[in-house]
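K.L.:
Below you'll find run.txt; it's compact mmCIF, C-alpha atoms.
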```
# COMPACT_ATOMS: atom_id res chain seq x y z
CA MET A 474 100.66 110.84 98.41
CA ARG A 475 102.70 111.82 101.49
CA TRP A 476 99.54 112.70 103.41
CA LYS A 477 98.18 109.22 102.84
CA ASN A 478 101.25 107.54 104.31
CA CYS A 479 101.04 109.79 107.37
CA PHE A 480 97.31 109.10 107.65
CA LEU A 481 97.84 105.36 107.61
CA ALA A 482 100.94 105.18 109.74
CA ALA A 483 99.93 107.54 112.50
CA VAL A 484 96.84 105.74 113.61
CA LEU A 485 95.86 102.83 111.42
CA LEU A 486 98.39 100.89 113.44
CA PRO A 487 96.25 98.48 115.32
CA PHE A 488 93.19 97.87 113.21
CA PHE A 489 91.77 94.94 115.03
CA ILE A 490 88.43 94.52 114.61
CA ALA A 491 85.45 93.10 115.42
CA CYS A 492 82.25 94.32 116.64
CA ALA A 493 79.37 92.59 115.17
CA ALA A 494 77.88 95.86 114.20
CA VAL A 495 76.67 98.34 116.72
CA GLY A 496 73.02 98.24 117.65
CA GLN A 497 70.44 100.95 117.81
CA GLN A 498 71.11 101.87 121.45
CA GLU A 499 71.49 105.42 122.60
CA GLY A 500 74.92 106.74 121.74
CA LYS A 501 75.48 104.16 119.01
CA LEU A 502 76.40 104.99 115.45
CA SER A 503 74.28 104.12 112.45
CA GLN A 504 75.60 101.67 109.89
CA PRO A 505 78.41 103.08 107.75
CA ILE A 506 78.29 102.78 103.97
CA VAL A 507 80.41 99.63 103.96
CA CYS A 508 77.87 97.88 106.20
CA SER A 509 74.92 98.17 103.81
CA GLY A 510 72.74 95.10 104.24
CA ILE A 511 74.60 93.75 107.27
CA PRO A 512 72.29 92.73 110.16
CA GLU A 513 72.97 94.78 113.27
CA GLU A 514 73.74 93.19 116.62
CA ALA A 515 74.83 94.65 119.92
CA LEU A 516 76.85 93.44 122.88
CA LEU A 517 75.50 94.37 126.30
CA THR A 518 77.57 97.11 127.93
CA GLN A 519 77.86 97.84 131.66
CA MET A 520 79.17 101.11 133.05
CA LEU A 521 81.28 100.18 136.09
CA THR A 522 83.03 102.57 138.45
CA VAL A 523 86.56 101.69 139.53
CA HIS A 524 89.14 103.93 141.19
CA GLY A 525 86.79 106.89 140.91
CA HIS A 526 86.14 106.73 137.16
CA GLN A 527 83.83 104.84 134.83
CA LEU A 528 84.62 102.07 132.37
CA ALA A 529 82.41 100.65 129.62
CA VAL A 530 82.59 96.87 130.07
CA THR A 531 81.31 94.20 127.70
CA GLU A 532 81.13 90.41 127.99
CA ALA A 533 80.89 87.67 125.37
CA GLY A 534 81.54 83.96 125.00
CA ASP A 535 80.39 81.36 127.54
CA PRO A 536 78.98 83.11 130.64
CA GLN A 537 79.93 80.08 132.75
CA GLY A 538 83.36 79.62 131.19
CA PHE A 539 86.86 80.41 132.43
CA PRO A 540 87.27 84.21 132.39
CA VAL A 541 89.57 85.86 129.86
CA PHE A 542 90.14 89.62 129.72
CA TYR A 543 90.72 91.06 126.25
CA ALA A 544 92.58 94.34 125.56
CA HIS A 545 91.44 96.09 122.37
CA GLY A 546 93.45 97.84 119.69
CA ASN A 547 93.67 101.51 118.72
CA PRO A 548 91.52 102.59 117.07
CA GLY A 549 89.30 99.90 118.48
CA SER A 550 86.94 99.19 121.33
CA ARG A 551 85.43 96.63 123.68
CA LEU A 552 83.16 95.59 120.80
CA GLU A 553 86.01 93.63 119.25
CA LEU A 554 84.77 90.81 121.48
CA ALA A 555 82.08 90.07 118.89
CA LEU A 556 84.80 88.62 116.66
CA LEU A 557 85.81 86.11 119.35
CA ASP A 558 82.36 85.32 120.70
CA GLU A 559 81.48 82.13 118.83
CA ASP A 560 84.85 80.43 119.26
CA ALA A 561 85.00 81.41 122.95
CA ARG A 562 81.61 79.75 123.49
CA HIS A 563 82.80 76.60 121.75
CA PHE A 564 85.93 76.33 123.89
CA GLY A 565 84.25 77.39 127.13
CA TYR A 566 85.74 80.84 127.74
CA ARG A 567 84.02 83.89 129.21
CA LEU A 568 85.35 87.05 127.53
CA ILE A 569 85.48 90.45 129.21
CA ALA A 570 86.74 93.73 127.75
CA PHE A 571 86.56 97.40 128.65
CA ASP A 572 87.21 100.55 126.66
CA ARG A 573 90.30 102.35 127.87
CA PRO A 574 89.47 105.91 129.02
CA GLY A 575 88.63 108.30 126.20
CA ILE A 576 87.91 105.38 123.87
CA GLY A 577 84.44 104.04 123.09
CA ARG A 578 82.12 104.84 125.97
CA SER A 579 84.67 105.13 128.81
CA PRO A 580 85.03 108.81 129.79
CA TYR A 581 88.42 110.40 129.19
CA ILE A 582 90.82 110.82 132.11
CA GLU A 583 94.49 111.69 132.25
CA PRO A 584 97.03 110.48 132.86
CA TYR A 585 96.18 106.85 132.13
CA LEU A 586 99.28 104.68 132.23
CA LEU A 587 99.78 100.94 131.74
CA LYS A 588 99.77 100.53 135.52
CA ASN A 589 96.34 102.18 135.63
CA PHE A 590 95.04 99.68 133.10
CA ALA A 591 96.34 96.75 135.14
CA GLU A 592 94.80 98.15 138.32
CA ASP A 593 91.48 98.75 136.57
CA LEU A 594 91.44 95.23 135.15
CA ALA A 595 92.06 93.76 138.59
CA ALA A 596 89.32 95.98 140.03
CA VAL A 597 86.82 94.83 137.38
CA ALA A 598 87.79 91.23 138.14
CA ASP A 599 87.15 91.87 141.84
CA LEU A 600 83.73 93.37 141.11
CA LYS A 601 82.87 90.26 139.12
CA LYS A 602 84.34 87.99 141.84
CA ILE A 603 86.99 86.62 139.47
CA VAL A 604 90.21 85.44 141.10
CA ARG A 605 92.23 84.13 138.15
CA PHE A 606 91.90 84.93 134.48
CA GLY A 607 93.52 84.62 131.09
CA LEU A 608 94.61 87.59 128.99
CA ILE A 609 94.48 88.33 125.25
CA GLY A 610 95.91 91.55 123.85
CA TRP A 611 95.93 92.48 120.18
CA SER A 612 98.19 95.22 118.75
CA SER A 613 97.81 98.20 121.10
CA GLY A 614 96.30 95.77 123.59
CA VAL A 615 99.63 93.97 124.02
CA PRO A 616 101.45 96.44 126.33
CA PRO A 617 98.42 96.56 128.70
CA VAL A 618 98.23 92.79 129.12
CA ILE A 619 101.99 92.52 129.64
CA ALA A 620 101.69 95.22 132.31
CA THR A 621 98.94 93.20 134.00
CA ASN A 622 101.35 90.26 134.20
CA TYR A 623 103.90 92.51 135.88
CA TYR A 624 101.58 94.07 138.46
CA PHE A 625 99.32 91.07 139.16
CA PRO A 626 101.33 87.96 138.19
CA GLN A 627 99.59 85.62 140.63
CA ARG A 628 96.21 86.21 139.03
CA VAL A 629 97.13 85.47 135.40
CA ALA A 630 96.63 81.94 134.06
CA PHE A 631 97.88 82.55 130.50
CA THR A 632 98.58 85.45 128.13
CA PHE A 633 98.45 85.85 124.36
CA ALA A 634 100.25 88.93 123.00
CA ILE A 635 99.24 89.20 119.35
CA SER A 636 100.74 91.61 116.79
CA GLY A 637 101.83 94.07 119.45
CA TYR A 638 104.36 96.72 120.37
CA THR A 639 107.47 96.30 122.45
CA ASP A 640 108.81 98.89 124.92
CA PHE A 641 110.21 101.60 122.61
CA SER A 642 112.57 102.84 125.33
CA ARG A 643 114.34 99.48 125.23
CA PHE A 644 114.31 99.02 121.44
CA PRO A 645 117.25 100.78 119.75
CA ASP A 646 116.01 103.93 117.99
CA ALA A 647 112.46 102.57 117.83
CA LYS A 648 110.80 105.71 116.48
CA ASN A 649 113.24 106.08 113.57
CA PHE A 650 112.92 102.35 112.94
CA MET A 651 109.15 102.77 112.65
CA ALA A 652 109.54 105.78 110.36
CA ASP A 653 111.91 103.83 108.11
CA LYS A 654 109.19 101.18 107.81
CA GLY A 655 106.74 103.82 106.60
CA LEU A 656 105.14 104.22 110.04
CA PRO A 657 106.07 107.73 111.23
CA GLY A 658 103.32 108.08 113.84
CA SER A 659 105.48 107.65 116.95
CA LYS A 660 108.18 110.01 115.66
CA LEU A 661 105.56 112.59 114.74
CA ALA A 662 104.01 112.29 118.21
CA GLU A 663 107.38 112.94 119.85
CA ASN A 664 108.60 115.80 117.65
CA HIS A 665 105.34 117.42 116.54
CA PRO A 666 102.62 116.48 119.04
CA LEU A 667 100.10 118.99 117.71
CA ALA A 668 100.52 117.70 114.16
CA PHE A 669 100.10 114.15 115.44
CA SER A 670 96.91 115.06 117.30
CA LEU A 671 95.55 116.73 114.17
CA THR A 672 96.39 113.65 112.14
CA VAL A 673 94.47 111.43 114.54
CA TRP A 674 91.59 113.91 114.43
CA GLY A 675 91.59 113.70 110.64
CA VAL A 676 91.58 109.90 110.73
CA ARG A 677 88.62 110.02 113.08
CA ARG A 678 86.66 112.33 110.78
CA THR A 679 87.33 110.08 107.80
CA ASP A 680 86.46 106.93 109.75
CA LEU A 681 83.13 108.34 110.92
CA HIS A 682 82.02 110.16 107.77
CA ARG A 683 83.73 108.39 104.85
CA PRO A 684 84.22 104.79 105.98
CA ASP A 685 84.28 103.59 102.37
CA PHE A 686 87.29 105.81 101.65
CA TYR A 687 88.87 104.89 105.00
CA LEU A 688 88.57 101.20 104.23
CA GLN A 689 90.11 101.60 100.78
CA GLU A 690 93.10 103.48 102.22
CA ALA A 691 93.63 100.72 104.78
CA LEU A 692 93.41 97.97 102.17
CA GLU A 693 96.10 99.63 100.06
CA LYS A 694 98.49 99.48 103.02
CA MET A 695 97.78 95.85 103.91
CA PRO A 696 99.55 92.70 102.69
CA PRO A 697 97.50 90.19 100.67
CA SER A 698 96.75 88.00 103.70
CA ASP A 699 95.03 90.89 105.49
CA ARG A 700 93.15 92.04 102.38
CA GLN A 701 91.73 88.54 102.01
CA MET A 702 90.38 88.76 105.55
CA LEU A 703 88.25 91.74 104.52
CA ASP A 704 86.92 90.33 101.25
CA SER A 705 83.41 89.77 102.56
CA PRO A 706 81.08 92.72 103.28
CA ALA A 707 80.49 91.35 106.77
CA SER A 708 84.20 91.34 107.62
CA ALA A 709 84.65 94.83 106.18
CA CYS A 710 81.77 95.99 108.36
CA LEU A 711 83.35 94.48 111.46
CA PHE A 712 86.64 96.15 110.63
CA ILE A 713 85.05 99.60 110.44
CA ARG A 714 82.51 99.15 113.23
CA THR A 715 84.80 98.74 116.19
CA GLN A 716 86.93 101.71 115.16
CA GLN A 717 83.95 103.99 114.77
CA GLU A 718 82.82 102.99 118.24
CA GLY A 719 86.31 103.59 119.64
CA LEU A 720 86.57 107.08 118.15
CA GLN A 721 83.02 108.26 118.67
CA GLN A 722 83.72 110.61 121.62
CA GLY A 723 86.80 112.23 120.09
CA SER A 724 90.48 111.60 119.42
CA ASP A 725 92.04 112.52 122.80
CA GLY A 726 91.77 108.99 124.17
CA ALA A 727 93.38 107.44 121.10
CA VAL A 728 96.24 109.96 121.17
CA GLN A 729 96.95 109.42 124.87
CA ASP A 730 96.75 105.64 124.48
CA LEU A 731 99.32 105.53 121.68
CA LYS A 732 101.71 107.94 123.38
CA VAL A 733 101.68 105.86 126.57
CA GLN A 734 102.61 102.73 124.63
CA TRP A 735 105.37 104.48 122.69
CA GLN A 736 107.34 105.40 125.83
CA TYR A 737 108.91 103.61 128.80
CA TRP A 738 106.33 101.20 130.17
CA GLY A 739 107.17 101.82 133.82
CA PHE A 740 108.81 98.43 134.45
CA GLU A 741 111.54 96.28 132.93
CA MET A 742 110.36 93.57 130.58
CA ASN A 743 112.69 90.98 132.11
CA ALA A 744 110.87 91.50 135.42
CA VAL A 745 107.76 89.89 133.89
CA LYS A 746 108.18 86.26 134.97
CA ASN A 747 104.91 84.75 133.75
CA PRO A 748 104.84 82.84 130.44
CA ILE A 749 103.77 85.04 127.52
CA GLN A 750 102.64 83.60 124.18
CA ILE A 751 103.80 86.07 121.50
CA VAL A 752 102.29 85.71 118.03
CA GLN A 753 103.38 87.88 115.11
CA GLY A 754 102.67 87.86 111.39
CA GLU A 755 105.88 88.22 109.40
CA ALA A 756 104.10 90.36 106.78
CA ASP A 757 102.46 92.71 109.31
CA ALA A 758 102.36 96.19 107.73
CA PHE A 759 101.40 98.03 110.93
CA VAL A 760 103.55 96.48 113.67
CA PRO A 761 106.93 95.24 112.37
CA GLN A 762 107.84 91.67 113.21
CA ALA A 763 111.04 92.98 114.80
CA PHE A 764 108.91 94.13 117.76
CA GLY A 765 107.66 90.59 118.34
CA ARG A 766 111.21 89.30 118.24
CA HIS A 767 112.30 92.01 120.68
CA LEU A 768 109.51 91.14 123.11
CA ALA A 769 110.47 87.48 122.99
CA ALA A 770 114.14 88.27 123.56
CA ASN A 771 113.52 90.57 126.53
CA LEU A 772 110.64 89.02 128.44
CA ALA A 773 111.81 86.46 130.97
CA ASN A 774 109.55 83.63 129.86
CA ALA A 775 108.21 84.16 126.34
CA GLN A 776 107.37 81.83 123.49
CA LEU A 777 107.42 83.39 120.01
CA GLN A 778 105.37 82.14 117.07
CA LEU A 779 106.13 83.87 113.76
CA LEU A 780 103.57 83.26 111.02
CA PRO A 781 105.03 83.44 107.47
CA GLY A 782 102.96 85.50 105.04
CA LYS A 783 100.49 86.60 107.71
CA GLY A 784 99.68 90.22 108.49
CA HIS A 785 98.10 92.20 111.30
CA LEU A 786 94.51 90.94 111.22
CA LEU A 787 95.20 87.53 112.71
CA LEU A 788 92.04 87.45 114.82
CA PHE A 789 89.96 87.62 111.65
CA SER A 790 91.02 84.06 110.86
CA ALA A 791 88.75 81.34 112.27
CA ASP A 792 91.66 78.91 112.12
CA PHE A 793 93.81 81.26 114.18
CA ARG A 794 91.11 81.85 116.80
CA GLN A 795 90.50 78.15 117.21
CA ALA A 796 94.22 77.42 117.50
CA MET A 797 94.56 80.17 120.11
CA PHE A 798 91.75 78.90 122.31
CA SER A 799 92.94 75.33 121.90
CA ARG A 800 96.41 76.41 123.07
CA ALA A 801 94.83 78.27 125.99
CA ARG A 802 93.14 75.05 127.07
CA GLN A 803 96.49 73.23 126.92
CA LEU A 804 98.15 75.91 129.04
CA GLN A 805 95.42 75.61 131.65
CA LYS A 806 95.82 71.84 131.84
CA MET A 807 99.58 72.21 132.31
CA GLN A 808 98.90 74.29 135.43
CA ASN A 809 96.55 71.75 136.99
```
Take the structure in the file and write it out as structure tokens.
P.N.:
Amino acid sequence: MRWKNCFLAAVLLPFFIACAAVGQQEGKLSQPIVCSGIPEEALLTQMLTVHGHQLAVTEAGDPQGFPVFYAHGNPGSRLELALLDEDARHFGYRLIAFDRPGIGRSPYIEPYLLKNFAEDLAAVADLKKIVRFGLIGWSSGVPPVIATNYYFPQRVAFTFAISGYTDFSRFPDAKNFMADKGLPGSKLAENHPLAFSLTVWGVRRTDLHRPDFYLQEALEKMPPSDRQMLDSPASACLFIRTQQEGLQQGSDGAVQDLKVQWQYWGFEMNAVKNPIQIVQGEADAFVPQAFGRHLAANLANAQLQLLPGKGHLLLFSADFRQAMFSRARQLQKMQN
């Protein structure tokens, strides 16, 4: 089953989730097999132009609340906001997310570095007349939100970095470390880029056309805590939905996004002075807990929370979401 391990490790890395099923708008996908009987909903999407290119931007939560930008996983999309919507409304937070170029509905451009993400986020905030904001990044969304802290520190009120990567160029032999953990994607991307691109393409085809098989392969890789999160048909649908949306225009965006995160970030982590809340499940099968520890040790002002027995799908837990937003409220009060 060597192919299966490669399939899972190369791109099933950040399986965040969350779009409350994609609606019947133009360009949307029909319900996959695993979503049979699940009511469809859609989040409103704006196409905004920043720095000469377009971004697909979605909002959720409390429209009058304190703004929080969310960075999605890979494969993933802006539609992950549907997972956070209800709790954000309860705690009074306005959520904003955009698909990174080549993912979801944002047209592909290259290169697209972490600095570009930070500049785009600031530009979207300017268009929406937002001065200060919070940040949440999950898995592949972690490097982008840390970069935003580096490039625009004065605008960030708080940051949650959940189940995410560290800077591989500063982690000793990171790619071999990943491969030893059964996650050879980054090593494959470095040594055999064409094979890596084909692997991502294959994952995309399976995700779009055999989501039932795709889900089963993912479940076999997950620890018990993550599998429990996907027990209900609704949760399984959310898990698949956001990834299908993220991969609908092709695999180039996903490949570029991962490669950017698996190289030097363009700045030193200890130059990030803002507080960063790092949360990592100790049983995470897709992003080893050692990366969370490395982030905490190398960022200038980080707080690390390790969760025993927990895996990668932390945002699927209502208890976790409520604790996160409650902590965000505390951090805001400390600044006032």
K.L.:
With all atoms listed in the file as the basis for distance, which of A:Gly607, A:Pro684, A:Pro761, A:Pro645 is at the shortest distance from A:Arg800?
P.N.:
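Distance minimum relative to A:Arg800 lands on A:Gly607.
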K.L.:
Using only C-alpha atoms, which residue out of A:Glu532, A:Leu788, A:Ala647, A:Leu703 lies closest to A:Val760?
P.N.:
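Going through A:Glu532, A:Leu788, A:Ala647, A:Leu703 one by one, the smallest distance to A:Val760 is for A:Ala647.
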K.L.:
I'd like the interatomic distance between atom CA of A:Arg802 and atom CA of A:Ser613, to a tenth of an Å.
P.N.:
24.4 Å
K.L.:
For atom CA of A:Ala791 and atom CA of A:Ala561, quote the distance in Å rounded to one decimal.
P.N.:
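Taking atom CA of A:Ala791 as the start and atom CA of A:Ala561 as the end point, the length is 11.3 Å.
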K.L.:
What separation in Å, quoted to one decimal, exists between atom CA of A:Glu592 and atom CA of A:Ile569?
P.N.:
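Going from atom CA of A:Glu592 over to atom CA of A:Ile569 covers 15.1 Å.
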K.L.:
Using all atoms listed in the file, which of the listed residues (A:Thr632, A:Gln805, A:Gln701, A:Asn747) sits closest to A:His785?
P.N.:
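Selected residue with least distance to A:His785: A:Gln701.
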K.L.:
Can you build me a table of stretch 622-703 of chain A residues sitting at most 12 Å from stretch 708-712 of chain A, with the closest atom pair per residue and its distance in Å to one decimal, using all atoms listed in the file, sorted by chain and residue number, as JSON lines?
P.N.:
```
{"residue": "A:Asp680", "atom": "CA", "partner": "A:Phe712", "partner_atom": "CA", "distance": 10.8}
{"residue": "A:Pro684", "atom": "CA", "partner": "A:Cys710", "partner_atom": "CA", "distance": 9.4}
{"residue": "A:Asp685", "atom": "CA", "partner": "A:Ala709", "partner_atom": "CA", "distance": 9.6}
{"residue": "A:Tyr687", "atom": "CA", "partner": "A:Phe712", "partner_atom": "CA", "distance": 10.6}
{"residue": "A:Leu688", "atom": "CA", "partner": "A:Ala709", "partner_atom": "CA", "distance": 7.7}
{"residue": "A:Gln689", "atom": "CA", "partner": "A:Ala709", "partner_atom": "CA", "distance": 10.2}
{"residue": "A:Ala691", "atom": "CA", "partner": "A:Phe712", "partner_atom": "CA", "distance": 10.2}
{"residue": "A:Leu692", "atom": "CA", "partner": "A:Ala709", "partner_atom": "CA", "distance": 10.1}
{"residue": "A:Asp699", "atom": "CA", "partner": "A:Ser708", "partner_atom": "CA", "distance": 11.0}
{"residue": "A:Arg700", "atom": "CA", "partner": "A:Ala709", "partner_atom": "CA", "distance": 9.7}
{"residue": "A:Gln701", "atom": "CA", "partner": "A:Ser708", "partner_atom": "CA", "distance": 9.8}
{"residue": "A:Met702", "atom": "CA", "partner": "A:Ser708", "partner_atom": "CA", "distance": 7.0}
{"residue": "A:Leu703", "atom": "CA", "partner": "A:Ala709", "partner_atom": "CA", "distance": 5.0}
```
K.L.:
Got a sec: who's within 12 Å of A:Phe631, counting all atoms listed in the file, leaving out chain neighbours fewer than 2 positions off, as a ChimeraX atom specification?
P.N.:
/A:539-543,605-610,618-619,621-622,626-629,633-634,746-751,774-776,797-798,800-808
K.L.:
If we count only C-alpha atoms and set the cut-off at 7 Å, which residues sit around stretch 765-771 of chain A, ignoring sequence neighbours fewer than 5 positions away in its own chain? Please answer as a list of chain:residue names.
P.N.:
A:Gly637, A:Thr639, A:Met742, A:Asn743, A:Ile751, A:Gln753, A:Gln776, A:Leu777
K.L.:
For A:His682, which of A:Leu521, A:Leu720, A:Val728, A:Ala598 is the closest residue, counting all atoms listed in the file?
P.N.:
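For A:His682, the nearest of the given residues is A:Leu720.
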K.L.:
Please return, as a list in words, all polymer residues that have at least one atom within 12 Å of the point (109.7, 104.5, 132.8); use only C-alpha atoms and the file's own coordinate frame.
P.N.:
Leu586, Leu587, Lys588, Asp640, Phe641, Ser642, Arg643, Val733, Gln734, Trp735, Gln736, Tyr737, Trp738, Gly739, Phe740, Glu741 and Met742 of chain A
K.L.:
Given the selection you just returned, output its residues as a file containing C-alpha atoms, formatted as a short mmCIF file (atom, residue, chain, number, x, y, z; two decimals), keeping the file's coordinate frame.
P.N.:
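And here is the file that came out, again-v9.cif:
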```cif
data_model
loop_
_atom_site.label_atom_id
_atom_site.label_comp_id
_atom_site.auth_asym_id
_atom_site.auth_seq_id
_atom_site.Cartn_x
_atom_site.Cartn_y
_atom_site.Cartn_z
CA LEU A 586 99.28 104.68 132.23
CA LEU A 587 99.78 100.94 131.74
CA LYS A 588 99.77 100.53 135.52
CA ASP A 640 108.81 98.89 124.92
CA PHE A 641 110.21 101.60 122.61
CA SER A 642 112.57 102.84 125.33
CA ARG A 643 114.34 99.48 125.23
CA VAL A 733 101.68 105.86 126.57
CA GLN A 734 102.61 102.73 124.63
CA TRP A 735 105.37 104.48 122.69
CA GLN A 736 107.34 105.40 125.83
CA TYR A 737 108.91 103.61 128.80
CA TRP A 738 106.33 101.20 130.17
CA GLY A 739 107.17 101.82 133.82
CA PHE A 740 108.81 98.43 134.45
CA GLU A 741 111.54 96.28 132.93
CA MET A 742 110.36 93.57 130.58
#
```
K.L.:
In terms of the shortest atom-to-atom distance over all atoms listed in the file, which of A:Pro666, A:Pro697, A:Gly614, A:Gly719 is closest to A:Lys783?
P.N.:
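Ranked by minimum distance to A:Lys783, first place goes to A:Pro697.
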K.L.:
Given the choices A:Gln537, A:Gln795, A:Asn547, A:Gln762, which gets closest to A:Gln717 if the distance is worked out from only C-alpha atoms?
P.N.:
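Of A:Gln537, A:Gln795, A:Asn547, A:Gln762, the one nearest A:Gln717 is A:Asn547, counting only C-alpha atoms.
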K.L.:
Starting from the point (76.5, 94.7, 133.5), work out which residues of protein, DNA or RNA have an atom no more than 10 Å away when counting only C-alpha atoms; state them as a PyMOL selection string.
P.N.:
chain A and resi 517-521+529-532+601
K.L.:
Could you write those residues out with C-alpha atoms, as a PDB file, in the frame of the given file?
P.N.:
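Once everything was written out, this is selection_24.pdb:
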```
ATOM      1  CA  LEU A 517      75.500  94.370 126.300  1.00  0.00           C
ATOM      2  CA  THR A 518      77.570  97.110 127.930  1.00  0.00           C
ATOM      3  CA  GLN A 519      77.860  97.840 131.660  1.00  0.00           C
ATOM      4  CA  MET A 520      79.170 101.110 133.050  1.00  0.00           C
ATOM      5  CA  LEU A 521      81.280 100.180 136.090  1.00  0.00           C
ATOM      6  CA  ALA A 529      82.410 100.650 129.620  1.00  0.00           C
ATOM      7  CA  VAL A 530      82.590  96.870 130.070  1.00  0.00           C
ATOM      8  CA  THR A 531      81.310  94.200 127.700  1.00  0.00           C
ATOM      9  CA  GLU A 532      81.130  90.410 127.990  1.00  0.00           C
ATOM     10  CA  LYS A 601      82.870  90.260 139.120  1.00  0.00           C
TER      11      LYS A 601
END
```
